[in-house]
$ cat my_file_31.pdb   # PDB, C-alpha atoms
ATOM      1  CA  MET J   1      15.427 -59.466  32.795
ATOM      2  CA  GLU J   2      18.101 -57.089  31.519
ATOM      3  CA  ARG J   3      20.805 -58.397  29.198
ATOM      4  CA  SER J   4      23.840 -56.658  27.735
ATOM      5  CA  ASP J   5      26.748 -58.061  25.703
ATOM      6  CA  GLY J   6      25.454 -61.575  26.193
ATOM      7  CA  ARG J   7      25.326 -61.297  29.988
ATOM      8  CA  GLU J   8      22.353 -61.110  32.334
ATOM      9  CA  TRP J   9      22.813 -58.071  34.558
ATOM     10  CA  ASP J  10      19.618 -57.816  36.526
ATOM     11  CA  VAL J  11      16.456 -59.797  37.136
ATOM     12  CA  GLY J  12      13.401 -58.314  38.819
ATOM     13  CA  LEU J  13       9.725 -58.944  39.400
ATOM     14  CA  HIS J  14       7.713 -55.727  39.289
ATOM     15  CA  ARG J  15       4.044 -55.138  40.108
ATOM     16  CA  HIS J  16       2.134 -52.182  38.671
ATOM     17  CA  TYR J  17      -1.423 -50.930  38.801
ATOM     18  CA  LEU J  18      -3.209 -51.337  35.476
ATOM     19  CA  ASP J  19      -4.691 -47.896  36.225
ATOM     20  CA  PRO J  20      -2.026 -45.721  37.919
ATOM     21  CA  MET J  21      -4.724 -43.201  38.838
ATOM     22  CA  LYS J  22      -6.114 -45.628  41.433
ATOM     23  CA  PRO J  23      -3.258 -45.110  43.938
ATOM     24  CA  PHE J  24      -3.129 -41.421  42.915
ATOM     25  CA  ALA J  25      -6.789 -41.029  43.843
ATOM     26  CA  ALA J  26      -6.274 -42.722  47.203
ATOM     27  CA  THR J  27      -3.087 -40.828  48.100
ATOM     28  CA  VAL J  28      -3.668 -37.365  46.591
ATOM     29  CA  LEU J  29      -7.322 -36.827  45.752
ATOM     30  CA  ALA J  30      -9.135 -38.474  48.669
ATOM     31  CA  PRO J  31      -7.464 -36.443  51.502
ATOM     32  CA  SER J  32      -7.835 -33.127  49.623
ATOM     33  CA  HIS J  33     -10.544 -30.515  50.133
ATOM     34  CA  GLY J  34     -10.475 -29.771  46.424
ATOM     35  CA  VAL J  35      -8.334 -30.471  43.369
ATOM     36  CA  MET J  36      -8.043 -28.691  40.027
ATOM     37  CA  MET J  37      -6.449 -30.476  37.069
ATOM     38  CA  THR J  38      -5.622 -28.591  33.897
ATOM     39  CA  SER J  39      -3.810 -29.576  30.734
ATOM     40  CA  ALA J  40      -3.970 -28.821  27.021
ATOM     41  CA  THR J  41      -4.011 -32.575  26.388
ATOM     42  CA  LEU J  42      -6.146 -33.891  29.244
ATOM     43  CA  ARG J  43      -9.144 -34.312  26.945
ATOM     44  CA  ASP J  44      -8.840 -36.411  23.759
ATOM     45  CA  GLY J  45     -10.644 -34.261  21.197
ATOM     46  CA  ASP J  46     -14.203 -33.806  22.441
ATOM     47  CA  ASP J  47     -14.102 -36.926  24.619
ATOM     48  CA  TRP J  48     -14.704 -35.740  28.191
ATOM     49  CA  GLN J  49     -15.013 -39.289  29.510
ATOM     50  CA  SER J  50     -11.362 -40.014  28.764
ATOM     51  CA  ALA J  51     -10.415 -36.871  30.696
ATOM     52  CA  VAL J  52     -12.543 -37.926  33.665
ATOM     53  CA  ASP J  53     -11.018 -41.420  33.619
ATOM     54  CA  ARG J  54      -7.487 -40.009  33.465
ATOM     55  CA  SER J  55      -8.164 -37.723  36.430
ATOM     56  CA  GLY J  56      -8.792 -40.604  38.857
ATOM     57  CA  ALA J  57     -12.260 -39.285  39.753
ATOM     58  CA  PRO J  58     -14.056 -42.605  39.066
ATOM     59  CA  HIS J  59     -12.103 -44.199  41.926
ATOM     60  CA  LEU J  60     -13.707 -41.692  44.344
ATOM     61  CA  ASP J  61     -17.233 -42.101  42.982
ATOM     62  CA  VAL J  62     -17.588 -38.364  42.330
ATOM     63  CA  ASN J  63     -18.670 -36.352  39.304
ATOM     64  CA  PRO J  64     -16.080 -33.653  38.612
ATOM     65  CA  ARG J  65     -16.971 -30.210  37.312
ATOM     66  CA  LEU J  66     -15.781 -29.748  33.729
ATOM     67  CA  PHE J  67     -14.490 -26.649  31.992
ATOM     68  CA  SER J  68     -12.780 -25.977  28.662
ATOM     69  CA  ALA J  69     -11.485 -22.818  26.994
ATOM     70  CA  ASP J  70     -10.676 -22.144  23.353
ATOM     71  CA  SER J  71      -7.079 -21.461  22.390
ATOM     72  CA  PRO J  72      -6.200 -17.780  21.845
ATOM     73  CA  PHE J  73      -3.906 -18.689  18.930
ATOM     74  CA  ASP J  74      -4.730 -18.530  15.216
ATOM     75  CA  TYR J  75      -3.260 -21.878  14.192
ATOM     76  CA  ALA J  76      -4.467 -21.548  10.593
ATOM     77  CA  ALA J  77      -2.187 -18.521  10.147
ATOM     78  CA  GLN J  78       0.579 -19.322  12.628
ATOM     79  CA  ALA J  79       1.401 -22.987  12.017
ATOM     80  CA  GLU J  80       1.484 -25.750   9.436
ATOM     81  CA  VAL J  81       1.843 -29.525   9.835
ATOM     82  CA  LEU J  82       3.919 -31.292   7.171
ATOM     83  CA  ILE J  83       3.964 -35.093   7.044
ATOM     84  CA  VAL J  84       6.997 -36.095   4.973
ATOM     85  CA  THR J  85       6.358 -39.305   3.073
ATOM     86  CA  ASP J  86       9.662 -40.137   1.350
ATOM     87  CA  VAL J  87      12.160 -40.658   4.216
ATOM     88  CA  PRO J  88      12.576 -44.471   4.485
ATOM     89  CA  LYS J  89      11.952 -45.923   7.936
ATOM     90  CA  GLY J  90      15.109 -47.291   9.531
ATOM     91  CA  ASP J  91      17.442 -45.487   7.101
ATOM     92  CA  ILE J  92      19.681 -43.499   9.466
ATOM     93  CA  PRO J  93      21.659 -41.692   6.717
ATOM     94  CA  ALA J  94      18.394 -40.542   5.085
ATOM     95  CA  LEU J  95      16.961 -39.518   8.468
ATOM     96  CA  ALA J  96      20.083 -37.525   9.332
ATOM     97  CA  ALA J  97      20.106 -35.856   5.908
ATOM     98  CA  ALA J  98      16.467 -34.839   6.341
ATOM     99  CA  PHE J  99      17.137 -33.319   9.776
ATOM    100  CA  GLY J 100      20.207 -31.479   8.520
ATOM    101  CA  ARG J 101      18.477 -30.032   5.452
ATOM    102  CA  LEU J 102      15.409 -28.936   7.429
ATOM    103  CA  ILE J 103      17.529 -27.173  10.046
ATOM    104  CA  GLU J 104      19.492 -25.426   7.286
ATOM    105  CA  ALA J 105      16.277 -24.380   5.522
ATOM    106  CA  ALA J 106      14.945 -22.885   8.753
ATOM    107  CA  GLY J 107      18.242 -21.185   9.591
ATOM    108  CA  GLY J 108      18.264 -22.937  12.963
ATOM    109  CA  GLY J 109      15.589 -22.496  15.594
ATOM    110  CA  ALA J 110      14.662 -26.178  15.338
ATOM    111  CA  LEU J 111      13.625 -28.645  18.027
ATOM    112  CA  GLY J 112      14.211 -32.255  16.956
ATOM    113  CA  LEU J 113      12.275 -34.936  18.847
ATOM    114  CA  PHE J 114      13.238 -38.622  18.905
ATOM    115  CA  THR J 115      11.660 -41.762  20.305
ATOM    116  CA  ALA J 116      15.021 -43.539  20.727
ATOM    117  CA  ILE J 117      18.295 -42.233  22.178
ATOM    118  CA  ARG J 118      20.292 -44.434  19.796
ATOM    119  CA  ARG J 119      18.821 -42.715  16.721
ATOM    120  CA  LEU J 120      19.246 -39.276  18.296
ATOM    121  CA  ARG J 121      22.960 -39.891  18.802
ATOM    122  CA  ALA J 122      23.375 -41.315  15.309
ATOM    123  CA  VAL J 123      21.718 -38.295  13.681
ATOM    124  CA  TYR J 124      23.643 -35.830  15.844
ATOM    125  CA  GLY J 125      26.948 -37.464  14.931
ATOM    126  CA  ARG J 126      26.229 -37.145  11.224
ATOM    127  CA  ILE J 127      25.078 -33.509  11.062
ATOM    128  CA  ALA J 128      26.550 -31.541  13.998
ATOM    129  CA  ASP J 129      29.865 -30.623  12.347
ATOM    130  CA  ARG J 130      28.264 -29.677   9.035
ATOM    131  CA  LEU J 131      25.753 -27.398  10.720
ATOM    132  CA  ALA J 132      28.422 -25.828  12.919
ATOM    133  CA  ARG J 133      30.480 -24.932   9.833
ATOM    134  CA  GLY J 134      27.403 -23.111   8.527
ATOM    135  CA  GLY J 135      27.042 -21.109  11.745
ATOM    136  CA  LEU J 136      24.174 -23.228  13.063
ATOM    137  CA  PRO J 137      25.035 -24.656  16.511
ATOM    138  CA  LEU J 138      23.454 -28.006  17.372
ATOM    139  CA  PHE J 139      22.954 -29.284  20.918
ATOM    140  CA  ALA J 140      21.572 -32.628  22.014
ATOM    141  CA  GLN J 141      20.145 -34.196  25.128
ATOM    142  CA  HIS J 142      21.957 -37.471  26.011
ATOM    143  CA  VAL J 143      25.028 -36.233  24.070
ATOM    144  CA  ASP J 144      26.153 -32.915  25.560
ATOM    145  CA  PRO J 145      27.239 -33.301  29.205
ATOM    146  CA  ILE J 146      24.860 -30.539  30.295
ATOM    147  CA  ASP J 147      21.607 -30.832  32.201
ATOM    148  CA  THR J 148      18.403 -30.472  30.194
ATOM    149  CA  GLY J 149      17.396 -27.138  31.731
ATOM    150  CA  THR J 150      20.698 -25.524  30.761
ATOM    151  CA  LEU J 151      20.479 -26.934  27.230
ATOM    152  CA  VAL J 152      17.049 -25.351  26.842
ATOM    153  CA  ASP J 153      18.385 -22.011  28.146
ATOM    154  CA  ILE J 154      21.222 -22.074  25.598
ATOM    155  CA  PHE J 155      18.770 -22.954  22.835
ATOM    156  CA  ARG J 156      16.400 -20.164  23.895
ATOM    157  CA  ASP J 157      19.162 -17.525  23.864
ATOM    158  CA  ASP J 158      20.427 -18.238  20.308
ATOM    159  CA  PRO J 159      17.916 -18.030  17.412
ATOM    160  CA  ARG J 160      20.359 -19.908  15.130
ATOM    161  CA  ALA J 161      20.833 -22.836  17.512
ATOM    162  CA  SER J 162      18.920 -26.132  17.339
ATOM    163  CA  LEU J 163      18.278 -28.783  19.962
ATOM    164  CA  LEU J 164      17.679 -32.540  19.739
ATOM    165  CA  GLY J 165      15.995 -34.478  22.534
ATOM    166  CA  THR J 166      13.500 -37.113  23.611
ATOM    167  CA  ASP J 167      10.237 -37.134  25.568
ATOM    168  CA  ALA J 168      11.428 -34.726  28.294
ATOM    169  CA  LEU J 169      11.730 -31.995  25.658
ATOM    170  CA  ARG J 170       8.529 -33.063  23.936
ATOM    171  CA  ASP J 171       6.462 -32.533  27.072
ATOM    172  CA  GLY J 172       8.143 -29.672  28.905
ATOM    173  CA  VAL J 173       9.843 -27.003  26.776
ATOM    174  CA  ASP J 174       8.614 -23.403  26.711
ATOM    175  CA  VAL J 175      10.526 -21.372  24.095
ATOM    176  CA  PRO J 176       8.419 -18.542  22.653
ATOM    177  CA  GLY J 177       9.707 -16.261  19.900
ATOM    178  CA  ASP J 178      12.162 -16.760  17.034
ATOM    179  CA  SER J 179      14.306 -19.281  18.898
ATOM    180  CA  LEU J 180      11.810 -22.066  18.108
ATOM    181  CA  ARG J 181      10.209 -21.929  14.674
ATOM    182  CA  LEU J 182      10.485 -25.548  13.569
ATOM    183  CA  VAL J 183       9.650 -28.827  15.328
ATOM    184  CA  VAL J 184      10.762 -32.068  13.662
ATOM    185  CA  MET J 185       9.661 -35.492  14.882
ATOM    186  CA  GLU J 186      11.599 -38.491  13.583
ATOM    187  CA  GLN J 187       8.462 -40.660  13.490
ATOM    188  CA  VAL J 188       5.020 -41.189  14.974
ATOM    189  CA  PRO J 189       5.527 -41.717  18.757
ATOM    190  CA  TRP J 190       4.135 -45.260  18.989
ATOM    191  CA  PRO J 191       4.024 -46.791  22.498
ATOM    192  CA  LYS J 192       6.802 -49.249  23.296
ATOM    193  CA  PRO J 193       5.417 -52.820  23.370
ATOM    194  CA  SER J 194       6.449 -53.620  26.939
ATOM    195  CA  ILE J 195       4.755 -56.186  29.177
ATOM    196  CA  LEU J 196       3.165 -53.385  31.199
ATOM    197  CA  HIS J 197       1.879 -51.594  28.099
ATOM    198  CA  ARG J 198       0.362 -54.776  26.683
ATOM    199  CA  ALA J 199      -1.474 -55.412  29.963
ATOM    200  CA  ARG J 200      -2.827 -51.853  30.160
ATOM    201  CA  ARG J 201      -3.755 -51.936  26.486
ATOM    202  CA  LEU J 202      -5.751 -55.125  26.985
ATOM    203  CA  ALA J 203      -7.578 -53.647  29.988
ATOM    204  CA  SER J 204      -8.219 -50.216  28.432
ATOM    205  CA  GLY J 205      -9.695 -50.723  24.997
ATOM    206  CA  GLY J 206      -6.956 -52.182  22.807
ATOM    207  CA  SER J 207      -5.966 -50.082  19.795
ATOM    208  CA  ALA J 208      -8.130 -47.166  20.974
ATOM    209  CA  TYR J 209      -5.911 -46.949  24.074
ATOM    210  CA  ASP J 210      -2.818 -46.740  21.860
ATOM    211  CA  ASP J 211      -4.397 -44.021  19.742
ATOM    212  CA  ARG J 212      -5.195 -41.902  22.819
ATOM    213  CA  ILE J 213      -1.565 -42.124  23.949
ATOM    214  CA  ILE J 214      -0.211 -41.212  20.513
ATOM    215  CA  ARG J 215      -2.580 -38.277  20.040
ATOM    216  CA  ALA J 216      -1.625 -36.914  23.457
ATOM    217  CA  ARG J 217       2.077 -37.162  22.603
ATOM    218  CA  LEU J 218       1.572 -35.471  19.238
ATOM    219  CA  ALA J 219      -0.464 -32.708  20.871
ATOM    220  CA  GLN J 220       2.256 -32.150  23.470
ATOM    221  CA  ALA J 221       4.941 -31.999  20.773
ATOM    222  CA  PHE J 222       2.904 -29.597  18.632
ATOM    223  CA  GLY J 223       2.363 -27.433  21.692
ATOM    224  CA  ARG J 224       6.090 -26.633  21.793
ATOM    225  CA  LEU J 225       5.777 -24.694  18.505
ATOM    226  CA  ILE J 226       3.227 -21.960  19.221
ATOM    227  CA  ARG J 227       3.725 -20.371  22.651
ATOM    228  CA  SER J 228       2.537 -16.810  21.969
ATOM    229  CA  GLY J 229       0.271 -14.873  19.649
ATOM    230  CA  THR J 230       3.173 -13.852  17.410
ATOM    231  CA  ASP J 231       4.884 -17.248  17.039
ATOM    232  CA  LYS J 232       4.929 -18.897  13.617
ATOM    233  CA  GLY J 233       6.432 -22.149  12.424
ATOM    234  CA  HIS J 234       6.232 -25.634  10.965
ATOM    235  CA  PHE J 235       5.640 -28.999  12.606
ATOM    236  CA  VAL J 236       7.255 -31.774  10.547
ATOM    237  CA  VAL J 237       6.850 -35.541  11.008
ATOM    238  CA  LEU J 238       9.303 -37.695   9.043
ATOM    239  CA  SER J 239       7.029 -40.693   8.576
ATOM    240  CA  SER J 240       4.778 -41.920   5.795
ATOM    241  CA  ALA J 241       3.063 -44.267   8.294
ATOM    242  CA  PHE J 242       0.842 -41.580   9.789
ATOM    243  CA  PRO J 243      -2.774 -42.806  10.041
ATOM    244  CA  SER J 244      -5.459 -40.217   9.331
ATOM    245  CA  ARG J 245      -7.232 -41.065  12.592
ATOM    246  CA  LEU J 246      -4.346 -39.446  14.489
ATOM    247  CA  LEU J 247      -4.662 -36.084  12.743
ATOM    248  CA  SER J 248      -7.236 -34.946  15.312
ATOM    249  CA  ALA J 249      -4.295 -34.508  17.713
ATOM    250  CA  PHE J 250      -3.647 -31.130  16.089
ATOM    251  CA  PRO J 251      -5.766 -28.029  16.835
ATOM    252  CA  ALA J 252      -8.769 -27.471  14.599
ATOM    253  CA  GLY J 253      -7.966 -25.277  11.620
ATOM    254  CA  THR J 254      -4.276 -26.153  11.476
ATOM    255  CA  PRO J 255      -3.219 -26.755   7.835
ATOM    256  CA  ILE J 256      -1.990 -30.347   7.367
ATOM    257  CA  ARG J 257      -0.250 -31.615   4.236
ATOM    258  CA  ARG J 258       1.411 -34.869   3.189
ATOM    259  CA  VAL J 259       4.442 -33.861   1.143
ATOM    260  CA  THR J 260       7.862 -34.958  -0.064
ATOM    261  CA  LEU J 261      10.971 -33.732   1.707
ATOM    262  CA  ASP J 262      11.744 -31.285  -1.100
ATOM    263  CA  VAL J 263       8.315 -29.671  -0.782
ATOM    264  CA  ALA J 264       8.723 -29.479   2.998
ATOM    265  CA  LEU J 265      12.082 -27.760   2.559
ATOM    266  CA  GLN J 266      10.503 -25.209   0.215
ATOM    267  CA  SER J 267       7.719 -24.491   2.702
ATOM    268  CA  VAL J 268      10.095 -24.079   5.646
ATOM    269  CA  GLY J 269      12.516 -21.953   3.635
ATOM    270  CA  SER J 270       9.821 -19.728   2.143
ATOM    271  CA  ARG J 271       8.358 -18.858   5.538
ATOM    272  CA  VAL J 272      11.814 -17.969   6.847
ATOM    273  CA  SER J 273      12.385 -15.709   3.816
ATOM    274  CA  GLU J 274       9.036 -13.985   4.353
ATOM    275  CA  GLU J 275       9.813 -13.303   8.007
ATOM    276  CA  VAL J 276      13.299 -11.938   7.199
ATOM    277  CA  THR J 277      11.795  -9.626   4.554
ATOM    278  CA  ALA J 278       9.131  -8.440   6.970
ATOM    279  CA  ARG J 279      11.747  -7.606   9.609
ATOM    280  CA  MET J 280      13.798  -5.656   7.051
ATOM    281  CA  LEU J 281      10.739  -3.636   6.011
ATOM    282  CA  ASP J 282      10.023  -2.799   9.646
ATOM    283  CA  GLN J 283      13.511  -1.350  10.151
ATOM    284  CA  PRO J 284      13.851   2.461   9.742
ATOM    285  CA  ARG J 285      15.524   3.529   6.502
ATOM    286  CA  PRO J 286      18.746   5.619   6.626
ATOM    287  CA  GLU J 287      18.339   9.332   5.852
ATOM    288  CA  GLY J 288      18.791  10.288   2.192
ATOM    289  CA  ILE J 289      17.652   6.894   0.879
ATOM    290  CA  SER J 290      14.176   6.428  -0.631
TER     291      SER J 290
END

$ encode --input "my_file_31.pdb" --output "structure tokens"
Amino acid sequence: MERSDGREWDVGLHRHYLDPMKPFAATVLAPSHGVMMTSATLRDGDDWQSAVDRSGAPHLDVNPRLFSADSPFDYAAQAEVLIVTDVPKGDIPALAAAFGRLIEAAGGGALGLFTAIRRLRAVYGRIADRLARGGLPLFAQHVDPIDTGTLVDIFRDDPRASLLGTDALRDGVDVPGDSLRLVVMEQVPWPKPSILHRARRLASGGSAYDDRIIRARLAQAFGRLIRSGTDKGHFVVLSSAFPSRLLSAFPAGTPIRRVTLDVALQSVGSRVSEEVTARMLDQPRPEGIS
């Protein structure tokens, strides 16, 4: 039942499969001669059984062939995860200030990810003008009247621009190079406690089911940061409520620190300064100057 402004707008009775891969297996897998599924987040850590279950193979009573490949990226040198512990949950002014300061420290090139459109709009409204005055354009899904693909193209073409969005950007943005050097998540992406989620959670292992969903979402978000062998950047989560059991979502070897916002700003700013200095040293010197 949907309500708005004290009125009931729509009432519906919906039926869903507890395992959505059951109809997928019947409709897509069963008639096929062969199927290959590939994803950086299909497997939860070293747990192949979760990958098999998520593929729909158990509904066909077949044993799939399994294959994994190591990442070609050096995450220990290219990326760092910073969990910021002093931004109060539910404090929109503090959240907006943190986003604004991080984007300024990085000089743009930031992708901000939100779990709620309302908070995205509130943060955008508080920081967009200030960043624009500093020469740092800010765009936002659900705010700018532009389709998501075009927003991503604009973001990709301007290394000083930043982009705010929700799960569509978390799972499907490919921006290699200097245009994306900072990813900021407003909080841990907990599942929404809907009727459907509670039913699937009960049928799929309880809290372990939630943890698999969260780790997959974190892995997808982190995957936006490093898209080539030369990319470098920071992945920042503005939440002190980050259980250690979820840290396995990040690639092995990735440095992870729990820090205050000030320390995070220093880390982001120092890496930007190092990269600017390196680019200046790579430029040819004018004749007559030593």

$ resolve_selection --input "my_file_31.pdb" --expression "the PyMOL selection byres ((chain J and resi 151-168) around 8)" --output "PyMOL selection string"
chain J and resi 103+107-117+120+124+135-142+146-150+169-173+175+178-180

$ resolve_selection --input "my_file_31.pdb" --expression "the PyMOL selection byres ((chain J and resi 30) around 12)" --output "JSON, numbers by chain"
{"J": [21, 22, 23, 24, 25, 26, 27, 28, 29, 31, 32, 33, 34, 35, 56, 57, 58, 59, 60, 61, 62]}

$ closest_atom_pairs --input "my_file_31.pdb" --of "stretch 109-146 of chain J" --to "stretch 73-94 of chain J" --cutoff "9 Å" --atoms "all atoms listed in the file" --output "Markdown table"
| residue | atom | partner | partner_atom | distance |
| --- | --- | --- | --- | --- |
| J:Arg119 | CA | J:Ile92 | CA | 7.3 |
| J:Ala122 | CA | J:Ile92 | CA | 7.2 |
| J:Val123 | CA | J:Ile92 | CA | 7.0 |
| J:Arg126 | CA | J:Pro93 | CA | 7.9 |

$ closest_residue --input "my_file_31.pdb" --among "J:Gly12, J:Ser248, J:Pro255, J:Gly100" --to "J:Asp47" --atoms "all atoms listed in the file"
J:Ser248

$ resolve_selection --input "my_file_31.pdb" --expression "the PyMOL selection byres ((chain J and resi 210) around 12)" --output "MDAnalysis selection string"
chainID J and resid 188:193 197:209 211:217 245:246

$ atom_distance --input "my_file_31.pdb" --atom1 "atom CA of J:Phe67" --atom2 "atom CA of J:Val183"
29.4 Å

$ axis_aligned_box --input "my_file_31.pdb" --around "stretch 190-204 of chain J" --padding-each-side "4 Å" --output "AutoDock Vina command-line options"
--center_x -0.7 --center_y -50.7 --center_z 25.1 --size_x 23.0 --size_y 18.9 --size_z 20.2

$ atom_distance --input "my_file_31.pdb" --atom1 "atom CA of J:Phe235" --atom2 "atom CA of J:Ser194"
28.5 Å
